[in-house]
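Chemist: Okay, here's the structure, questions in a sec.
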Amino acid sequence: MKYAGLLVMPAGFFLTVAALVLFPDPAPRAAFVLCGLAVEALGLAVAVRGHMEARGESRP
Amino acid sequence: MTPIAPSSIAPVMTDATFALCLVLLLLAPLAIAGVALINTGLGRSRSAAQSLLGNLAIVAVTAIVFALVGATLAGAALTGNPLGTLGSAGHTFHLAGKPWNWLGAGPLLLRGLGSAPLQSQLALLFEFLAVALAALIPWGSGADRWRLSAGCAASAVLAATVFPLLAHWVWAGGWLSQLGVNFSLGQGFLDPGGAATVHVLGGLSALAVVWIAGSRKGKFPKEGLSTALPGHNAVYALFGCLLALVGWLAFNVAGAILWLRAPLAALPVTALNTLLSASGALAATFAVTRIRFGKPDASLCANGWLAGLVASSAAAGIVSPIQALFIGLIAGIATPLLVELLELAVSIDDPSGAISIHAVAGLWGLLAVGIFASQPGQLIAQLVGIAALLGVILPLVYLLFWLLNRAVPFRVDPDGERIGMDLHELGGGAYPEFVIHRDDSYR
């Protein structure tokens with residue numbers, strides 16, 4: 001689960017780069033950059049969740 | 001007060017500016033000393049010598065590796081045009097008709113250093129100090145269980161690969177610094193004091209280390225809340241904060257000279273902003289911990305002060321003093337709450353609080369630059385930089401550390417953790433004339 005989250009995060013980055021290339025207008029560009037950051041946040045949340053589950057299983 | 005906008009034309013560095021910048025860079029290692037003391041003070045007494053020796057070893061390793069490999073990949077500096085937004089030698093590809101300068105191509109083994117322009121030499125010195133500070137940050141998070149050899153190996157990886165990549169993107173004409181030229185996003189990604197290249201990189205590396213090495217034994221028992229393992233020396237941590245202030249003033253003012261090309265008249269404001277940000281953060285953390293626990297908490301106040309300094313790294317040369325104070329206040333409020341949240345809710349054992357201090361406060365400082373900057377598109381440029389840090393740098397650091405952990409295991413064996421890193425790795429303790437009390441969690 002941690003690895004899945006970490007794999008999602010670059011997808012968010014590519015979304016922000018795509019926003020730069022595809023949208024010259026500020027409004028849609030900003031919206032897509034924010035979407036990219038939201039995807040990264042989602043990936044980070046999944047990775048953190050994976051860490052928490054792993055910790056719960058390995059507690060002494 | 002009008003925020004200081006970076007100039008797009010680099011003036012020739014005068015002798016006075018060169019001398020000032022050199023003196024500042026000679027003071028900047030005090031930031032390294034401060035962070036080293038904080039790392040040691042917030043760790044346990046039976047690992048203090050290993051911690052401080054580790055800080056020293058990491059500085060040495062990063063200097064050597066950056067000289068051999070990193071400076072070339074950072075594209076720094078010795079190519080005659082080090083000053084960020086104007087571009088320097090690098091590997092470039094074209095996408096949608098725009099050049100994407102993604103990796104530096106500087107001379108090998110610092111060739112030509114003596115004959116390089118003065119500002120190029122200073123920029124290189126800045127990067128040497130920055131990479132040492134960045135590599136120190138995760139060392140504090142891995143305290144009491146991260147082996148010295150593994151810490152040095154991880155520092156070498158950072159100095160050889162990730163730091164040069166990021167430093168090139170931000171400081172040496174890489175694609176982030178060119179966002180203003182290529183996509184009309186303000187002045188491009190701005191990070192004159194190293195909030196991204198030093199602190200967010202260090203904080204995210206700390207997160208990777210904590211994930212890979214795991215928590216200290218006994219930190220998270222099966223039942224109940226986490227066990228408090230307080231730092232062994234609050235004096236080290238608090239004195240480290242004072243040392244760090246001097247170093248941060250030097251880093252931020254030198255960064256404003258080198259990467260923003262700020263005029264001399266703008267430098268006192270940059271220094272004042274650094275102090276105000278740290279002061280606001282300390283005041284906020286003091287108040288939050290006073291309200292939360294009934295009394296102010298010394299180690300969390302140290303964390304808050306440092307978070308204010310970290311947030312100022314991005315913003316001190318760009319915002320007004322009142323804005324700097326506000327940035328520090330937010331950092332100071334967030335830091336103690338985040339430290340508690342990460343430990344209690346997310347089960348992250350971070351003895352030095354580096355993830356909250358360096359990663360989160362650094363990201364906040366970078367965002368604040370976008371919020372307060374007057375140029376249109378600056379906020380988007382800052383957000384793209386933040387997206388690169390979270391979407392590329394964190395997964396890359398985790399991957400590299402995960403691979404490294406296969407070759408050089410990060411975590412000390414259980415016996416080493418039981419007797420302490422000093423005895424296990426060095427054969428002697430930091431305080432041989434004092435009796436170190438027995439740890440109840442190992443009965």
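Just remember, in the structure tokens the first chain shown is A, the second B, etc., residues are 1-based per chain, and ligands are 1-based in the order shown.
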Could you list, as a list in words, the residues of chain A having an atom within 8 Å of chain B when counting only C-alpha atoms?
Modeler: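 Therefore, the residues near the partner are Leu6, Leu7, Met9, Pro10, Ala11, Gly12, Phe13, Thr16, Val17, Leu20, Val21, Pro24, Pro26, Ala30, Val33, Leu34, Gly36, Leu37, Glu40, Val48, Arg49, His51, Met52, Arg55, Gly56, Arg59 and Pro60 of chain A.
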Chemist: Rounded to one decimal in Å, what is the spacing between atom CA of B:Ala156 and atom CA of B:Thr62?
Modeler: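 Separation between atom CA of B:Ala156 and atom CA of B:Thr62: 5.7 Å.
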Chemist: For B:Ala315, list every protein, DNA or RNA residue within 8 Å, evaluated using only C-alpha atoms, and leave out those in the same chain fewer than 2 positions away; present the list as a list in words.
Modeler: Asp191, Pro192, Gly193, Ala311, Ser312, Ser313, Gly317, Ile318, Val319, Ala324, Gly365, Leu366, Ala368 and Val369 of chain B
Chemist: Keeping only N, CA and C atoms, write the selected residues as a CSV table (one decimal), in the first residue's frame.
Modeler:
```csv
chain,number,residue,atom,x,y,z
B,191,ASP,N,13.5,30.2,-4.7
B,191,ASP,CA,13.9,29.6,-3.4
B,191,ASP,C,15.3,30.0,-3.1
B,192,PRO,N,15.4,31.3,-2.7
B,192,PRO,CA,16.8,31.8,-2.6
B,192,PRO,C,17.5,31.3,-1.4
B,193,GLY,N,16.8,30.9,-0.3
B,193,GLY,CA,17.5,30.5,0.9
B,193,GLY,C,17.6,28.9,1.0
B,311,ALA,N,10.9,28.3,7.3
B,311,ALA,CA,9.9,29.0,6.4
B,311,ALA,C,10.5,30.3,5.8
B,312,SER,N,11.4,30.9,6.6
B,312,SER,CA,12.0,32.2,6.1
B,312,SER,C,13.0,31.9,5.0
B,313,SER,N,13.5,30.7,4.8
B,313,SER,CA,14.5,30.4,3.8
B,313,SER,C,13.9,30.7,2.4
B,317,GLY,N,13.9,36.9,1.4
B,317,GLY,CA,14.4,37.9,0.5
B,317,GLY,C,13.3,38.5,-0.4
B,318,ILE,N,12.1,38.1,-0.2
B,318,ILE,CA,11.0,38.4,-1.1
B,318,ILE,C,9.8,39.2,-0.5
B,319,VAL,N,9.5,38.9,0.7
B,319,VAL,CA,8.3,39.4,1.4
B,319,VAL,C,8.7,40.6,2.2
B,324,ALA,N,6.6,38.4,6.7
B,324,ALA,CA,7.6,37.4,7.3
B,324,ALA,C,7.1,37.0,8.7
B,365,GLY,N,6.7,27.9,3.5
B,365,GLY,CA,7.5,29.0,3.1
B,365,GLY,C,7.5,29.2,1.6
B,366,LEU,N,7.6,28.1,0.8
B,366,LEU,CA,7.5,28.2,-0.6
B,366,LEU,C,6.2,28.6,-1.1
B,368,ALA,N,4.1,30.4,0.6
B,368,ALA,CA,3.9,31.8,1.0
B,368,ALA,C,4.6,32.8,0.1
B,369,VAL,N,5.7,32.4,-0.5
B,369,VAL,CA,6.3,33.3,-1.6
B,369,VAL,C,5.3,33.5,-2.7
```
Chemist: How would you write, as a ChimeraX atom specification, the set of residues in stretch 80-142 of chain B that DSSP gives as helix (DSSP H, G or I)?
Modeler: /B:84-86,108-110,118-141
Chemist: Hey, what's within 10 Å of B:Leu20 if we count only C-alpha atoms and toss same-chain stuff fewer than 4 positions away? As a list in words, please?
Modeler: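 Using only C-alpha atoms, the neighbours found are Thr14, Asp15, Ala16, Leu24, Leu25, Leu26, Ala250, Val253, Ala254, Ile257 and Leu264 of chain B.
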Chemist: Write a file of the selected residues as a short mmCIF file (atom, residue, chain, number, x, y, z; two decimals), in the first residue's frame, keeping C-alpha atoms.
Modeler:
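Below you can see part30.cif, which holds the result:
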```cif
data_model
loop_
_atom_site.label_atom_id
_atom_site.label_comp_id
_atom_site.auth_asym_id
_atom_site.auth_seq_id
_atom_site.Cartn_x
_atom_site.Cartn_y
_atom_site.Cartn_z
CA THR B 14 31.21 44.38 -7.04
CA ASP B 15 34.17 43.72 -4.79
CA ALA B 16 32.17 44.87 -1.77
CA LEU B 24 28.29 35.42 5.01
CA LEU B 25 29.16 32.03 3.57
CA LEU B 26 31.91 31.66 6.15
CA ALA B 250 24.01 34.13 6.51
CA VAL B 253 21.27 37.01 2.87
CA ALA B 254 23.88 35.20 0.76
CA ILE B 257 22.68 38.10 -3.24
CA LEU B 264 22.82 45.85 -0.95
#
```
Chemist: Could you name the residues that touch B:Trp169 at 9 Å or less, counting only C-alpha atoms, but leaving out those on the same chain fewer than 2 positions away, as a list in words?
Modeler: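 The residues that qualify are Ala74, Gly84, Asn101, Trp102, Leu103, Gly104, Pro164, Leu165, Leu166, Ala167, Trp171, Ala172, Gly173, Gly174, Trp175, Leu176, Ser177 and Gln178 of chain B.
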Chemist: Keeping only N, CA, C and O atoms, write those residues as a compact mmCIF listing (two decimals), in the first residue's frame.
Modeler:
```
# COMPACT_ATOMS: atom_id res chain seq x y z
N ALA B 74 24.99 19.14 -10.79
CA ALA B 74 24.24 20.35 -10.45
C ALA B 74 24.42 21.40 -11.53
O ALA B 74 23.65 22.34 -11.64
N GLY B 84 21.20 31.32 -11.76
CA GLY B 84 19.89 30.76 -11.97
C GLY B 84 19.16 31.09 -13.23
O GLY B 84 19.30 30.42 -14.22
N ASN B 101 15.37 22.11 -19.23
CA ASN B 101 16.74 21.88 -18.76
C ASN B 101 16.66 21.08 -17.46
O ASN B 101 16.30 21.62 -16.42
N TRP B 102 16.97 19.79 -17.52
CA TRP B 102 16.65 18.92 -16.38
C TRP B 102 17.87 18.43 -15.61
O TRP B 102 17.74 17.95 -14.48
N LEU B 103 19.05 18.52 -16.20
CA LEU B 103 20.24 18.03 -15.49
C LEU B 103 21.44 18.87 -15.89
O LEU B 103 21.62 19.19 -17.06
N GLY B 104 22.27 19.18 -14.90
CA GLY B 104 23.41 20.03 -15.17
C GLY B 104 24.53 19.30 -15.89
O GLY B 104 24.57 18.07 -15.92
N PRO B 164 21.98 17.42 -6.36
CA PRO B 164 22.39 18.10 -7.60
C PRO B 164 21.25 18.31 -8.58
O PRO B 164 21.14 19.35 -9.23
N LEU B 165 20.39 17.28 -8.68
CA LEU B 165 19.24 17.39 -9.58
C LEU B 165 18.37 18.59 -9.19
O LEU B 165 18.04 19.45 -10.02
N LEU B 166 18.03 18.64 -7.92
CA LEU B 166 17.14 19.70 -7.44
C LEU B 166 17.83 21.07 -7.49
O LEU B 166 17.20 22.07 -7.87
N ALA B 167 19.09 21.10 -7.10
CA ALA B 167 19.81 22.37 -7.13
C ALA B 167 19.90 22.91 -8.56
O ALA B 167 19.81 24.12 -8.78
N TRP B 171 18.40 26.45 -8.95
CA TRP B 171 19.41 27.52 -8.86
C TRP B 171 20.26 27.69 -10.12
O TRP B 171 20.85 28.74 -10.31
N ALA B 172 20.38 26.67 -10.90
CA ALA B 172 21.39 26.72 -11.97
C ALA B 172 20.77 26.71 -13.37
O ALA B 172 21.29 26.12 -14.29
N GLY B 173 19.63 27.37 -13.50
CA GLY B 173 19.03 27.49 -14.82
C GLY B 173 18.19 26.31 -15.24
O GLY B 173 17.86 26.18 -16.42
N GLY B 174 17.83 25.46 -14.32
CA GLY B 174 16.99 24.31 -14.63
C GLY B 174 15.55 24.71 -14.93
O GLY B 174 15.18 25.89 -14.84
N TRP B 175 14.73 23.72 -15.24
CA TRP B 175 13.39 24.02 -15.74
C TRP B 175 12.51 24.75 -14.72
O TRP B 175 11.67 25.56 -15.11
N LEU B 176 12.70 24.50 -13.45
CA LEU B 176 11.87 25.21 -12.46
C LEU B 176 12.21 26.71 -12.44
O LEU B 176 11.31 27.55 -12.36
N SER B 177 13.49 27.01 -12.53
CA SER B 177 13.87 28.43 -12.51
C SER B 177 13.48 29.13 -13.80
O SER B 177 13.42 30.35 -13.86
N GLN B 178 13.22 28.35 -14.85
CA GLN B 178 12.86 28.93 -16.15
C GLN B 178 11.36 29.02 -16.38
O GLN B 178 10.91 29.35 -17.48
```
Chemist: Write out as an mmCIF file with C-alpha atoms, in the first residue's frame each polymer residue whose atoms come within 10 Å of B:Leu201, counting only C-alpha atoms; drop sequence neighbours fewer than 6 positions from it.
Modeler:
```cif
data_model
loop_
_atom_site.group_PDB
_atom_site.id
_atom_site.type_symbol
_atom_site.label_atom_id
_atom_site.label_comp_id
_atom_site.auth_asym_id
_atom_site.auth_seq_id
_atom_site.Cartn_x
_atom_site.Cartn_y
_atom_site.Cartn_z
ATOM 1 C CA VAL B 131 24.121 19.927 0.586
ATOM 2 C CA ALA B 134 20.322 18.979 3.698
ATOM 3 C CA ALA B 135 22.019 15.674 4.492
ATOM 4 C CA ILE B 137 18.375 16.745 8.487
ATOM 5 C CA PRO B 138 17.421 13.051 8.148
ATOM 6 C CA LEU B 158 21.863 12.591 -1.590
ATOM 7 C CA VAL B 162 19.099 14.058 -5.632
ATOM 8 C CA PHE B 163 20.558 17.316 -4.340
ATOM 9 C CA LEU B 166 17.141 19.696 -7.440
ATOM 10 C CA GLY B 194 17.182 26.760 0.136
ATOM 11 C CA ALA B 195 13.736 25.986 1.526
ATOM 12 C CA LEU B 207 10.363 10.691 6.139
ATOM 13 C CA HIS B 358 11.904 21.027 7.537
ATOM 14 C CA ALA B 359 9.456 19.430 5.109
ATOM 15 C CA GLY B 362 9.666 24.530 4.047
ATOM 16 C CA LEU B 389 9.195 18.037 -4.633
ATOM 17 C CA LEU B 390 6.320 15.762 -3.635
ATOM 18 C CA ILE B 393 11.826 13.982 -5.103
ATOM 19 C CA LEU B 394 10.024 12.020 -2.371
ATOM 20 C CA VAL B 397 14.596 9.493 -2.402
#
```
Chemist: If we count only C-alpha atoms and set the cut-off at 8 Å, which residues sit around stretch 271-287 of chain B, ignoring sequence neighbours fewer than 6 positions away in its own chain? Please answer as a PyMOL selection string.
Modeler: chain B and resi 245+248-249+252-253+296-297+300-302+304-309+311-313+316-317+319-321+324-333+335-336
Chemist: In Å, with one decimal, what is the gap from atom CA of B:Gly370 to atom CA of B:Phe189?
Modeler: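 That distance, rounded to one decimal, is 8.9 Å.
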Chemist: Could you tell me which of B:Thr17, B:Ser120, B:Gln323, B:Gln382 comes closest to B:Val269 if we count only C-alpha atoms?
Modeler: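 Once distances to B:Val269 are computed over only C-alpha atoms, the minimum belongs to B:Gln323.
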Chemist: Please determine, counting only C-alpha atoms, which residue among A:Phe32, A:Gly5, A:Ala41, A:Ala47 has the shortest atom-to-atom distance to A:Ala18.
Modeler: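 Going through A:Phe32, A:Gly5, A:Ala41, A:Ala47 one by one, the smallest distance to A:Ala18 is for A:Phe32.
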